[in-house]
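Structure file query_27.pdb; described as PDB, C-alpha atoms.
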```pdb
MODEL        1
ATOM      1  CA  MET A   9    -220.806 117.414  -9.070
ATOM      2  CA  VAL A  10    -222.737 120.447 -10.226
ATOM      3  CA  ARG A  11    -224.465 120.279 -13.559
ATOM      4  CA  ARG A  12    -224.334 123.411 -15.727
ATOM      5  CA  ILE A  13    -228.048 123.791 -16.154
ATOM      6  CA  ASN A  14    -228.894 127.370 -15.308
ATOM      7  CA  SER A  15    -227.121 129.800 -17.514
ATOM      8  CA  SER A  16    -229.619 132.523 -18.356
ATOM      9  CA  GLN A  17    -228.720 136.078 -17.453
ATOM     10  CA  GLN A  18    -231.584 136.237 -14.938
ATOM     11  CA  THR A  19    -230.484 132.989 -13.260
ATOM     12  CA  ARG A  20    -226.938 134.284 -12.964
ATOM     13  CA  ALA A  21    -228.224 137.505 -11.409
ATOM     14  CA  VAL A  22    -230.192 135.584  -8.768
ATOM     15  CA  LEU A  23    -227.329 133.174  -8.065
ATOM     16  CA  LEU A  24    -224.867 136.014  -7.629
ATOM     17  CA  VAL A  25    -227.173 138.003  -5.330
ATOM     18  CA  LEU A  26    -227.772 134.934  -3.172
ATOM     19  CA  PHE A  27    -224.042 134.161  -3.237
ATOM     20  CA  GLU A  28    -223.147 137.577  -1.767
ATOM     21  CA  ARG A  29    -224.367 136.299   1.617
ATOM     22  CA  PRO A  30    -224.718 132.559   1.147
ATOM     23  CA  GLN A  31    -225.652 131.781   4.748
ATOM     24  CA  SER A  32    -228.372 134.453   4.966
ATOM     25  CA  TRP A  33    -231.999 133.716   4.234
ATOM     26  CA  ARG A  34    -233.522 136.131   1.710
ATOM     27  CA  TYR A  35    -237.132 136.930   0.873
ATOM     28  CA  GLY A  36    -238.730 137.147  -2.557
ATOM     29  CA  TYR A  37    -239.260 140.902  -2.481
ATOM     30  CA  ASP A  38    -235.638 141.514  -1.385
ATOM     31  CA  LEU A  39    -234.455 139.487  -4.384
ATOM     32  CA  ILE A  40    -236.756 141.461  -6.695
ATOM     33  CA  LYS A  41    -235.248 144.725  -5.421
ATOM     34  CA  GLU A  42    -231.659 143.484  -5.647
ATOM     35  CA  THR A  43    -231.862 141.781  -9.041
ATOM     36  CA  GLY A  44    -234.366 144.115 -10.701
ATOM     37  CA  LEU A  45    -236.310 141.089 -11.933
ATOM     38  CA  ARG A  46    -240.105 141.025 -12.068
ATOM     39  CA  SER A  47    -242.022 138.629  -9.854
ATOM     40  CA  GLY A  48    -243.218 136.724 -12.943
ATOM     41  CA  THR A  49    -239.579 135.995 -13.815
ATOM     42  CA  LEU A  50    -238.124 135.596 -10.336
ATOM     43  CA  TYR A  51    -240.532 133.066  -8.842
ATOM     44  CA  PRO A  52    -240.437 130.523 -11.726
ATOM     45  CA  LEU A  53    -236.657 130.807 -11.562
ATOM     46  CA  LEU A  54    -236.623 130.189  -7.790
ATOM     47  CA  MET A  55    -238.961 127.214  -8.262
ATOM     48  CA  ARG A  56    -236.638 125.747 -10.889
ATOM     49  CA  LEU A  57    -233.550 126.253  -8.709
ATOM     50  CA  HIS A  58    -235.411 124.576  -5.840
ATOM     51  CA  ASP A  59    -236.458 121.645  -8.091
ATOM     52  CA  GLN A  60    -232.801 121.226  -9.031
ATOM     53  CA  ALA A  61    -231.754 121.170  -5.356
ATOM     54  CA  LEU A  62    -229.756 124.372  -5.801
ATOM     55  CA  LEU A  63    -231.955 126.433  -3.481
ATOM     56  CA  ASP A  64    -233.271 125.854   0.036
ATOM     57  CA  ALA A  65    -236.669 127.312   0.881
ATOM     58  CA  GLU A  66    -238.378 127.493   4.246
ATOM     59  CA  TRP A  67    -241.005 129.471   6.122
ATOM     60  CA  HIS A  68    -239.804 132.062   8.630
ATOM     61  CA  PRO A  69    -241.981 133.926  11.131
ATOM     62  CA  SER A  70    -242.604 137.508  10.045
ATOM     63  CA  ALA A  71    -240.685 140.227  11.892
ATOM     64  CA  GLN A  72    -243.932 142.195  12.158
ATOM     65  CA  ALA A  73    -246.535 140.902  14.592
ATOM     66  CA  GLY A  74    -249.805 139.712  13.100
ATOM     67  CA  ARG A  75    -248.385 139.011   9.673
ATOM     68  CA  PRO A  76    -248.135 135.521   8.213
ATOM     69  CA  PRO A  77    -244.783 133.728   7.902
ATOM     70  CA  ARG A  78    -242.610 134.540   4.886
ATOM     71  CA  HIS A  79    -240.950 132.137   2.500
ATOM     72  CA  ALA A  80    -237.179 132.534   2.666
ATOM     73  CA  TYR A  81    -234.444 131.315   0.343
ATOM     74  CA  ARG A  82    -230.742 130.570   0.344
ATOM     75  CA  LEU A  83    -228.377 128.519  -1.806
ATOM     76  CA  THR A  84    -227.648 124.880  -1.042
ATOM     77  CA  GLN A  85    -224.059 123.577  -1.209
ATOM     78  CA  ASN A  86    -224.669 122.658  -4.859
ATOM     79  CA  GLY A  87    -226.100 126.124  -5.451
ATOM     80  CA  ILE A  88    -223.034 127.743  -3.888
ATOM     81  CA  ALA A  89    -220.765 125.622  -6.089
ATOM     82  CA  LEU A  90    -222.728 126.638  -9.176
ATOM     83  CA  ALA A  91    -222.652 130.315  -8.151
ATOM     84  CA  GLU A  92    -218.863 130.083  -7.708
ATOM     85  CA  GLU A  93    -218.611 128.605 -11.184
ATOM     86  CA  VAL A  94    -220.814 131.365 -12.626
ATOM     87  CA  LEU A  95    -218.803 134.030 -10.819
ATOM     88  CA  SER A  96    -215.466 132.677 -12.040
ATOM     89  CA  SER A  97    -216.718 132.373 -15.636
ATOM     90  CA  THR A  98    -218.072 135.937 -15.498
ATOM     91  CA  THR A  99    -214.759 137.180 -14.092
ATOM     92  CA  SER A 100    -212.726 135.388 -16.758
ATOM     93  CA  THR A 101    -215.023 136.731 -19.490
ATOM     94  CA  LEU A 102    -214.561 140.271 -18.173
ATOM     95  CA  ALA A 103    -210.787 139.757 -17.892
ATOM     96  CA  GLY A 104    -210.723 138.498 -21.475
ATOM     97  CA  ALA A 105    -212.709 141.520 -22.674
ATOM     98  CA  ALA A 106    -210.410 143.905 -20.763
ATOM     99  CA  GLY A 107    -207.361 142.172 -22.261
ATOM    100  CA  ALA A 108    -208.790 142.551 -25.760
ATOM    101  CA  LEU A 109    -209.392 146.261 -25.199
ATOM    102  CA  ALA A 110    -205.901 146.873 -23.763
TER     103      ALA A 110
ATOM    104  CA  MET B  13    -256.907 148.909   1.863
ATOM    105  CA  ASN B  14    -257.330 150.752  -1.464
ATOM    106  CA  THR B  15    -258.841 149.375  -4.663
ATOM    107  CA  VAL B  16    -255.487 148.636  -6.295
ATOM    108  CA  ASN B  17    -254.407 146.592  -3.279
ATOM    109  CA  GLN B  18    -257.718 144.736  -3.319
ATOM    110  CA  ILE B  19    -257.162 143.866  -6.989
ATOM    111  CA  ALA B  20    -253.637 142.712  -6.157
ATOM    112  CA  GLN B  21    -254.905 140.521  -3.304
ATOM    113  CA  ALA B  22    -257.603 139.079  -5.581
ATOM    114  CA  ALA B  23    -254.997 138.293  -8.242
ATOM    115  CA  LEU B  24    -252.941 136.388  -5.674
ATOM    116  CA  ARG B  25    -255.982 134.504  -4.369
ATOM    117  CA  LEU B  26    -256.602 133.461  -7.974
ATOM    118  CA  ALA B  27    -252.929 132.471  -8.299
ATOM    119  CA  VAL B  28    -253.289 130.189  -5.245
ATOM    120  CA  LEU B  29    -256.514 128.755  -6.659
ATOM    121  CA  ILE B  30    -255.079 127.812 -10.037
ATOM    122  CA  SER B  31    -251.644 126.704  -8.840
ATOM    123  CA  PRO B  32    -250.776 123.033  -9.455
ATOM    124  CA  THR B  33    -250.489 120.969  -6.242
ATOM    125  CA  GLU B  34    -246.688 120.841  -6.321
ATOM    126  CA  ARG B  35    -246.565 124.653  -6.685
ATOM    127  CA  ARG B  36    -249.179 125.440  -4.015
ATOM    128  CA  GLU B  37    -246.549 126.317  -1.408
ATOM    129  CA  TRP B  38    -244.980 128.806  -3.822
ATOM    130  CA  SER B  39    -248.291 130.501  -4.519
ATOM    131  CA  LEU B  40    -248.847 130.818  -0.742
ATOM    132  CA  ALA B  41    -245.340 132.284  -0.479
ATOM    133  CA  MET B  42    -246.297 134.931  -3.050
ATOM    134  CA  GLN B  43    -249.506 135.671  -1.155
ATOM    135  CA  ALA B  44    -247.589 136.143   2.122
ATOM    136  CA  GLU B  45    -244.914 138.248   0.435
ATOM    137  CA  ILE B  46    -247.306 140.873  -0.910
ATOM    138  CA  LEU B  47    -248.040 142.010   2.659
ATOM    139  CA  ASN B  48    -244.429 143.221   2.838
ATOM    140  CA  ILE B  49    -244.517 145.207  -0.401
ATOM    141  CA  SER B  50    -245.300 148.912  -0.676
ATOM    142  CA  SER B  51    -248.753 149.525  -2.107
ATOM    143  CA  ASP B  52    -247.482 151.147  -5.341
ATOM    144  CA  LYS B  53    -245.524 147.950  -6.179
ATOM    145  CA  ALA B  54    -248.205 145.491  -5.072
ATOM    146  CA  LEU B  55    -250.190 145.248  -8.313
ATOM    147  CA  PRO B  56    -247.249 144.588 -10.690
ATOM    148  CA  PHE B  57    -245.947 142.047  -8.171
ATOM    149  CA  ALA B  58    -249.329 140.292  -7.937
ATOM    150  CA  LEU B  59    -249.877 140.238 -11.707
ATOM    151  CA  GLY B  60    -246.393 138.789 -12.239
ATOM    152  CA  CYS B  61    -247.131 136.078  -9.672
ATOM    153  CA  LEU B  62    -250.490 135.341 -11.299
ATOM    154  CA  TRP B  63    -248.773 135.009 -14.674
ATOM    155  CA  ALA B  64    -246.193 132.649 -13.148
ATOM    156  CA  MET B  65    -248.954 130.409 -11.774
ATOM    157  CA  VAL B  66    -250.967 130.499 -15.033
ATOM    158  CA  HIS B  67    -247.800 129.356 -16.813
ATOM    159  CA  ALA B  68    -247.126 126.702 -14.145
ATOM    160  CA  ARG B  69    -250.677 125.391 -14.504
ATOM    161  CA  ALA B  70    -250.615 125.440 -18.328
ATOM    162  CA  THR B  71    -247.324 123.539 -18.497
ATOM    163  CA  ASP B  72    -248.021 121.198 -15.588
ATOM    164  CA  GLY B  73    -247.716 117.522 -16.559
ATOM    165  CA  ASN B  74    -251.140 116.608 -15.164
ATOM    166  CA  THR B  75    -252.807 119.481 -17.021
ATOM    167  CA  LEU B  76    -251.223 118.335 -20.288
ATOM    168  CA  LEU B  77    -252.344 114.739 -19.700
ATOM    169  CA  ILE B  78    -255.898 115.858 -18.920
ATOM    170  CA  ALA B  79    -255.912 118.122 -22.011
ATOM    171  CA  ALA B  80    -254.679 115.245 -24.204
ATOM    172  CA  ARG B  81    -257.268 112.844 -22.767
ATOM    173  CA  TRP B  82    -260.212 115.210 -23.282
ATOM    174  CA  THR B  83    -259.014 116.241 -26.733
ATOM    175  CA  LEU B  84    -259.163 112.564 -27.696
ATOM    176  CA  VAL B  85    -262.562 112.086 -26.039
ATOM    177  CA  LEU B  86    -264.093 115.105 -27.784
ATOM    178  CA  GLY B  87    -262.414 114.190 -31.075
ATOM    179  CA  ALA B  88    -263.805 110.643 -30.861
ATOM    180  CA  LEU B  89    -267.290 111.927 -30.049
ATOM    181  CA  ALA B  90    -267.148 114.276 -33.054
ATOM    182  CA  TRP B  91    -265.972 111.391 -35.242
ATOM    183  CA  SER B  92    -268.769 109.185 -33.926
ATOM    184  CA  THR B  93    -271.300 111.919 -34.737
ATOM    185  CA  LEU B  94    -269.954 112.112 -38.287
ATOM    186  CA  HIS B  95    -270.495 108.355 -38.597
ATOM    187  CA  VAL B  96    -274.100 108.679 -37.484
ATOM    188  CA  ARG B  97    -274.622 111.409 -40.078
ATOM    189  CA  LEU B  98    -272.951 109.283 -42.750
ATOM    190  CA  ALA B  99    -275.078 106.274 -41.739
ATOM    191  CA  GLY B 100    -278.202 108.387 -42.146
ATOM    192  CA  GLN B 101    -277.149 109.472 -45.631
ATOM    193  CA  LEU B 102    -276.326 105.869 -46.620
ATOM    194  CA  SER B 103    -279.660 104.527 -45.376
ATOM    195  CA  ALA B 104    -281.413 107.302 -47.331
ATOM    196  CA  SER B 105    -279.648 106.048 -50.473
ATOM    197  CA  SER B 106    -280.742 102.432 -49.726
ATOM    198  CA  ALA B 107    -277.199 101.244 -48.909
ATOM    199  CA  SER B 108    -278.319  99.195 -45.926
ATOM    200  CA  ILE B 109    -275.134  97.194 -45.156
ATOM    201  CA  PRO B 110    -272.761 100.237 -45.255
ATOM    202  CA  SER B 111    -275.322 102.133 -43.233
ATOM    203  CA  ILE B 112    -275.374  99.414 -40.526
ATOM    204  CA  LEU B 113    -271.547  99.308 -40.539
ATOM    205  CA  ALA B 114    -271.428 103.076 -40.080
ATOM    206  CA  TYR B 115    -273.801 102.849 -37.098
ATOM    207  CA  VAL B 116    -271.690 100.034 -35.593
ATOM    208  CA  ALA B 117    -268.550 102.137 -36.076
ATOM    209  CA  ALA B 118    -270.279 105.139 -34.473
ATOM    210  CA  VAL B 119    -271.123 103.069 -31.385
ATOM    211  CA  ALA B 120    -267.603 101.553 -31.245
ATOM    212  CA  ILE B 121    -265.966 104.992 -31.463
ATOM    213  CA  ALA B 122    -268.330 106.378 -28.805
ATOM    214  CA  LEU B 123    -267.327 103.438 -26.577
ATOM    215  CA  GLY B 124    -263.675 104.289 -27.254
ATOM    216  CA  ALA B 125    -264.389 107.848 -26.137
ATOM    217  CA  TYR B 126    -266.090 106.526 -22.988
ATOM    218  CA  PHE B 127    -263.171 104.247 -22.059
ATOM    219  CA  THR B 128    -260.646 107.014 -22.770
ATOM    220  CA  ALA B 129    -262.603 109.335 -20.472
ATOM    221  CA  VAL B 130    -262.859 106.718 -17.696
ATOM    222  CA  LYS B 131    -259.615 104.757 -18.007
ATOM    223  CA  GLY B 132    -257.257 107.264 -19.587
ATOM    224  CA  LEU B 133    -254.875 107.448 -22.520
ATOM    225  CA  ARG B 134    -253.727 103.826 -22.202
ATOM    226  CA  ALA B 135    -257.271 102.711 -23.096
ATOM    227  CA  THR B 136    -257.085 104.784 -26.291
ATOM    228  CA  PHE B 137    -253.993 102.916 -27.386
ATOM    229  CA  ILE B 138    -255.271  99.448 -26.388
ATOM    230  CA  LEU B 139    -258.550  99.984 -28.264
ATOM    231  CA  ALA B 140    -257.190 101.864 -31.266
ATOM    232  CA  ALA B 141    -254.175  99.682 -32.070
ATOM    233  CA  PRO B 142    -256.068  96.521 -33.184
ATOM    234  CA  VAL B 143    -258.653  98.558 -35.103
ATOM    235  CA  ALA B 144    -255.875 100.479 -36.879
ATOM    236  CA  LEU B 145    -254.163  97.188 -37.747
ATOM    237  CA  LEU B 146    -257.391  95.666 -39.084
ATOM    238  CA  SER B 147    -258.146  98.849 -41.014
ATOM    239  CA  GLY B 148    -254.669  98.770 -42.543
ATOM    240  CA  LEU B 149    -255.146  95.158 -43.589
ATOM    241  CA  ALA B 150    -258.595  96.003 -44.957
ATOM    242  CA  ALA B 151    -257.160  98.908 -46.980
ATOM    243  CA  ILE B 152    -254.563  96.565 -48.502
ATOM    244  CA  GLY B 153    -256.919  93.606 -48.992
ATOM    245  CA  VAL B 154    -260.050  95.317 -50.250
ATOM    246  CA  ASP B 155    -258.930  95.087 -53.894
ATOM    247  CA  TYR B 156    -258.224  91.350 -53.581
ATOM    248  CA  LEU B 157    -260.937  90.164 -51.215
ATOM    249  CA  LEU B 158    -263.998  92.010 -52.427
ATOM    250  CA  PRO B 159    -265.460  91.938 -55.936
ATOM    251  CA  GLN B 160    -265.321  95.255 -57.747
ATOM    252  CA  SER B 161    -268.394  97.263 -56.861
ATOM    253  CA  PRO B 162    -269.410 100.933 -56.738
ATOM    254  CA  TYR B 163    -268.366 100.885 -53.075
ATOM    255  CA  SER B 164    -264.860  99.353 -53.468
ATOM    256  CA  HIS B 165    -263.028 102.680 -53.561
ATOM    257  CA  PHE B 166    -265.278 104.021 -50.843
ATOM    258  CA  TYR B 167    -264.394 101.122 -48.508
ATOM    259  CA  LYS B 168    -260.695 101.561 -49.245
ATOM    260  CA  ALA B 169    -260.864 105.302 -48.591
ATOM    261  CA  ILE B 170    -262.720 104.709 -45.315
ATOM    262  CA  ALA B 171    -260.136 102.111 -44.215
ATOM    263  CA  ILE B 172    -257.238 104.488 -44.976
ATOM    264  CA  GLU B 173    -259.046 107.288 -43.174
ATOM    265  CA  TYR B 174    -259.421 105.017 -40.121
ATOM    266  CA  VAL B 175    -255.717 104.171 -40.145
ATOM    267  CA  VAL B 176    -254.675 107.832 -40.336
ATOM    268  CA  ILE B 177    -257.101 109.048 -37.656
ATOM    269  CA  LEU B 178    -256.330 106.153 -35.294
ATOM    270  CA  LEU B 179    -252.577 106.644 -35.759
ATOM    271  CA  VAL B 180    -252.944 110.320 -34.834
ATOM    272  CA  GLY B 181    -254.965 109.309 -31.747
ATOM    273  CA  MET B 182    -252.374 106.702 -30.731
ATOM    274  CA  LEU B 183    -249.567 109.180 -31.302
ATOM    275  CA  ILE B 184    -251.242 111.599 -28.865
ATOM    276  CA  ALA B 185    -251.999 108.770 -26.382
ATOM    277  CA  ILE B 186    -248.360 107.636 -26.318
ATOM    278  CA  GLY B 187    -246.527 110.849 -27.170
ATOM    279  CA  VAL B 188    -247.978 113.208 -24.544
ATOM    280  CA  PRO B 189    -247.300 110.947 -21.482
ATOM    281  CA  HIS B 190    -243.833 110.149 -22.862
ATOM    282  CA  TRP B 191    -243.072 113.837 -23.347
ATOM    283  CA  VAL B 192    -244.342 114.706 -19.843
ATOM    284  CA  VAL B 193    -242.114 112.025 -18.252
ATOM    285  CA  GLN B 194    -239.064 113.144 -20.268
ATOM    286  CA  ARG B 195    -239.647 116.755 -19.321
ATOM    287  CA  GLU B 196    -239.984 115.965 -15.613
ATOM    288  CA  ARG B 197    -236.757 113.935 -15.751
ATOM    289  CA  ALA B 198    -235.025 116.886 -17.413
ATOM    290  CA  ILE B 199    -236.182 119.287 -14.683
ATOM    291  CA  VAL B 200    -234.967 117.241 -11.704
TER     292      VAL B 200
ENDMDL
END
```
Could you render the structure from this file as structure tokens?
Amino acid sequence: MVRRINSSQQTRAVLLVLFERPQSWRYGYDLIKETGLRSGTLYPLLMRLHDQALLDAEWHPSAQAGRPPRHAYRLTQNGIALAEEVLSSTTSTLAGAAGALA
Amino acid sequence: MNTVNQIAQAALRLAVLISPTERREWSLAMQAEILNISSDKALPFALGCLWAMVHARATDGNTLLIAARWTLVLGALAWSTLHVRLAGQLSASSASIPSILAYVAAVAIALGAYFTAVKGLRATFILAAPVALLSGLAAIGVDYLLPQSPYSHFYKAIAIEYVVILLVGMLIAIGVPHWVVQRERAIV
């Protein structure tokens, strides 16, 4: 069962970006570019998601020779379930807003 | 490497240095990541990471426990110093017994500070609780047990002061570890 513990706008943005390709490993800088978050916001958020077992993190060898390994991230099964929940709630909120405008 | 990049690298080295043990891997991740960032974005990235690690260090459970412990130690040493000063003033006014009591209290409080520094916050509670209880009883009983003298109100005021200060110390000694444990449970 997934607890509803991450509901800030920034957390949703990160969850949804990671959920676009849930099996792919993503790097910190890629997430910064895709979410528009600053590093001082993104990394504490990633740490919290990892503490809550919603995010996997592991070191991957760098694609460029001579550079150190990079830390990569992807959602766990719990993280995917939470992202699905966030996505469906966002969709229903938007549908509700569209219905109110119609 | 230009100056801005050097500053960014230095900021990330500092971030690694100050990171709490359980966040060390994340600070190393930030340090590795900056090598993949264009130089015009490196400094904001590094400063954000440094801020994240400063925040992680400041709110780390161990840091809070250490801060609470040393606040109590320094507070007790300051209180002990005040007792020595008070004892000096009392001996100057020929109040020998209160002066001796003030010196004894100064030594006892300094010992409390020592045991808090060496043994931790639990020692504060173990040492302060009986003294607070005795002080409370003394504050209640001073009117009944001692004959009225110029010092009666003074003794009562001192006893009440002891109770209040020791309760604050015990509250910190119990409250901070309890809060840290609750917070860590809430995170996981």
Spatial neighbours of Tyr115 of chain B, max dist 10 Å, all atoms listed in the file, sep filter under 4 positions, as a ChimeraX atom specification: /B:92-93,95-100,109-111,119-121
Residue members of the PyMOL selection byres ((chain B and resi 152) around 12) in the file shown, as a short mmCIF file (atom, residue, chain, number, x, y, z; two decimals) with C-alpha atoms, keeping the file's coordinate frame:
```
data_model
loop_
_atom_site.label_atom_id
_atom_site.label_comp_id
_atom_site.auth_asym_id
_atom_site.auth_seq_id
_atom_site.Cartn_x
_atom_site.Cartn_y
_atom_site.Cartn_z
CA LEU B 145 -254.16 97.19 -37.75
CA LEU B 146 -257.39 95.67 -39.08
CA SER B 147 -258.15 98.85 -41.01
CA GLY B 148 -254.67 98.77 -42.54
CA LEU B 149 -255.15 95.16 -43.59
CA ALA B 150 -258.60 96.00 -44.96
CA ALA B 151 -257.16 98.91 -46.98
CA GLY B 153 -256.92 93.61 -48.99
CA VAL B 154 -260.05 95.32 -50.25
CA ASP B 155 -258.93 95.09 -53.89
CA TYR B 156 -258.22 91.35 -53.58
CA LEU B 157 -260.94 90.16 -51.22
CA LEU B 158 -264.00 92.01 -52.43
CA SER B 164 -264.86 99.35 -53.47
CA HIS B 165 -263.03 102.68 -53.56
CA TYR B 167 -264.39 101.12 -48.51
CA LYS B 168 -260.70 101.56 -49.24
CA ALA B 169 -260.86 105.30 -48.59
CA ILE B 170 -262.72 104.71 -45.32
CA ALA B 171 -260.14 102.11 -44.22
CA ILE B 172 -257.24 104.49 -44.98
CA VAL B 175 -255.72 104.17 -40.15
#
```
10 Å contact set for Val192 of chain B, all atoms listed in the file, chain neighbours under 2 positions out, as a PyMOL selection string: chain B and resi 71-74+76-77+187-190+194-198
Any chance you could work out the residue set of the ChimeraX specification (/A :<12) & /B here, as number ranges by chain? B: 24, 27, 34-50, 53-69, 71, 196-200
If you keep C-alpha atoms, can you produce a file of those selected residues as an mmCIF file, in the frame of the given file?
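The resulting file, result_33.cif, is reproduced below:
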```cif
data_model
loop_
_atom_site.group_PDB
_atom_site.id
_atom_site.type_symbol
_atom_site.label_atom_id
_atom_site.label_comp_id
_atom_site.auth_asym_id
_atom_site.auth_seq_id
_atom_site.Cartn_x
_atom_site.Cartn_y
_atom_site.Cartn_z
ATOM 1 C CA LEU B 24 -252.941 136.388 -5.674
ATOM 2 C CA ALA B 27 -252.929 132.471 -8.299
ATOM 3 C CA GLU B 34 -246.688 120.841 -6.321
ATOM 4 C CA ARG B 35 -246.565 124.653 -6.685
ATOM 5 C CA ARG B 36 -249.179 125.440 -4.015
ATOM 6 C CA GLU B 37 -246.549 126.317 -1.408
ATOM 7 C CA TRP B 38 -244.980 128.806 -3.822
ATOM 8 C CA SER B 39 -248.291 130.501 -4.519
ATOM 9 C CA LEU B 40 -248.847 130.818 -0.742
ATOM 10 C CA ALA B 41 -245.340 132.284 -0.479
ATOM 11 C CA MET B 42 -246.297 134.931 -3.050
ATOM 12 C CA GLN B 43 -249.506 135.671 -1.155
ATOM 13 C CA ALA B 44 -247.589 136.143 2.122
ATOM 14 C CA GLU B 45 -244.914 138.248 0.435
ATOM 15 C CA ILE B 46 -247.306 140.873 -0.910
ATOM 16 C CA LEU B 47 -248.040 142.010 2.659
ATOM 17 C CA ASN B 48 -244.429 143.221 2.838
ATOM 18 C CA ILE B 49 -244.517 145.207 -0.401
ATOM 19 C CA SER B 50 -245.300 148.912 -0.676
ATOM 20 C CA LYS B 53 -245.524 147.950 -6.179
ATOM 21 C CA ALA B 54 -248.205 145.491 -5.072
ATOM 22 C CA LEU B 55 -250.190 145.248 -8.313
ATOM 23 C CA PRO B 56 -247.249 144.588 -10.690
ATOM 24 C CA PHE B 57 -245.947 142.047 -8.171
ATOM 25 C CA ALA B 58 -249.329 140.292 -7.937
ATOM 26 C CA LEU B 59 -249.877 140.238 -11.707
ATOM 27 C CA GLY B 60 -246.393 138.789 -12.239
ATOM 28 C CA CYS B 61 -247.131 136.078 -9.672
ATOM 29 C CA LEU B 62 -250.490 135.341 -11.299
ATOM 30 C CA TRP B 63 -248.773 135.009 -14.674
ATOM 31 C CA ALA B 64 -246.193 132.649 -13.148
ATOM 32 C CA MET B 65 -248.954 130.409 -11.774
ATOM 33 C CA VAL B 66 -250.967 130.499 -15.033
ATOM 34 C CA HIS B 67 -247.800 129.356 -16.813
ATOM 35 C CA ALA B 68 -247.126 126.702 -14.145
ATOM 36 C CA ARG B 69 -250.677 125.391 -14.504
ATOM 37 C CA THR B 71 -247.324 123.539 -18.497
ATOM 38 C CA GLU B 196 -239.984 115.965 -15.613
ATOM 39 C CA ARG B 197 -236.757 113.935 -15.751
ATOM 40 C CA ALA B 198 -235.025 116.886 -17.413
ATOM 41 C CA ILE B 199 -236.182 119.287 -14.683
ATOM 42 C CA VAL B 200 -234.967 117.241 -11.704
#
```
When you count all atoms listed in the file, which of these residues is closest to Val22 of chain A: A:Ser100, A:Leu83, A:Ala71, A:Asp64?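 The closest residue to Val22 of chain A is A:Leu83.
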Requested file, segment 135-147 of chain B restricted to N, CA and C atoms, as an mmCIF file, in the first residue's frame:
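To be explicit, this is the file written out as selection-v2.cif:
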```
data_model
loop_
_atom_site.group_PDB
_atom_site.id
_atom_site.type_symbol
_atom_site.label_atom_id
_atom_site.label_comp_id
_atom_site.auth_asym_id
_atom_site.auth_seq_id
_atom_site.Cartn_x
_atom_site.Cartn_y
_atom_site.Cartn_z
ATOM 1 N N ALA B 135 22.431 11.741 31.346
ATOM 2 C CA ALA B 135 23.068 12.123 32.611
ATOM 3 C C ALA B 135 22.443 13.399 33.156
ATOM 4 N N THR B 136 22.096 14.326 32.259
ATOM 5 C CA THR B 136 21.459 15.579 32.696
ATOM 6 C C THR B 136 20.186 15.258 33.464
ATOM 7 N N PHE B 137 19.389 14.367 32.872
ATOM 8 C CA PHE B 137 18.100 14.053 33.496
ATOM 9 C C PHE B 137 18.305 13.331 34.831
ATOM 10 N N ILE B 138 19.208 12.337 34.838
ATOM 11 C CA ILE B 138 19.427 11.536 36.057
ATOM 12 C C ILE B 138 19.926 12.427 37.199
ATOM 13 N N LEU B 139 20.789 13.389 36.876
ATOM 14 C CA LEU B 139 21.338 14.259 37.924
ATOM 15 C C LEU B 139 20.364 15.372 38.307
ATOM 16 N N ALA B 140 19.649 15.890 37.330
ATOM 17 C CA ALA B 140 18.802 17.063 37.599
ATOM 18 C C ALA B 140 17.494 16.693 38.295
ATOM 19 N N ALA B 141 16.955 15.508 37.978
ATOM 20 C CA ALA B 141 15.631 15.160 38.507
ATOM 21 C C ALA B 141 15.587 15.147 40.040
ATOM 22 N N PRO B 142 16.529 14.454 40.735
ATOM 23 C CA PRO B 142 16.442 14.478 42.207
ATOM 24 C C PRO B 142 16.685 15.860 42.798
ATOM 25 N N VAL B 143 17.574 16.635 42.180
ATOM 26 C CA VAL B 143 17.856 17.982 42.703
ATOM 27 C C VAL B 143 16.619 18.874 42.529
ATOM 28 N N ALA B 144 15.955 18.714 41.379
ATOM 29 C CA ALA B 144 14.724 19.506 41.142
ATOM 30 C C ALA B 144 13.655 19.129 42.160
ATOM 31 N N LEU B 145 13.546 17.828 42.446
ATOM 32 C CA LEU B 145 12.553 17.358 43.420
ATOM 33 C C LEU B 145 12.862 17.926 44.802
ATOM 34 N N LEU B 146 14.123 17.822 45.211
ATOM 35 C CA LEU B 146 14.529 18.351 46.523
ATOM 36 C C LEU B 146 14.318 19.863 46.586
ATOM 37 N N SER B 147 14.630 20.539 45.490
ATOM 38 C CA SER B 147 14.456 21.997 45.460
ATOM 39 C C SER B 147 12.979 22.362 45.580
#
```
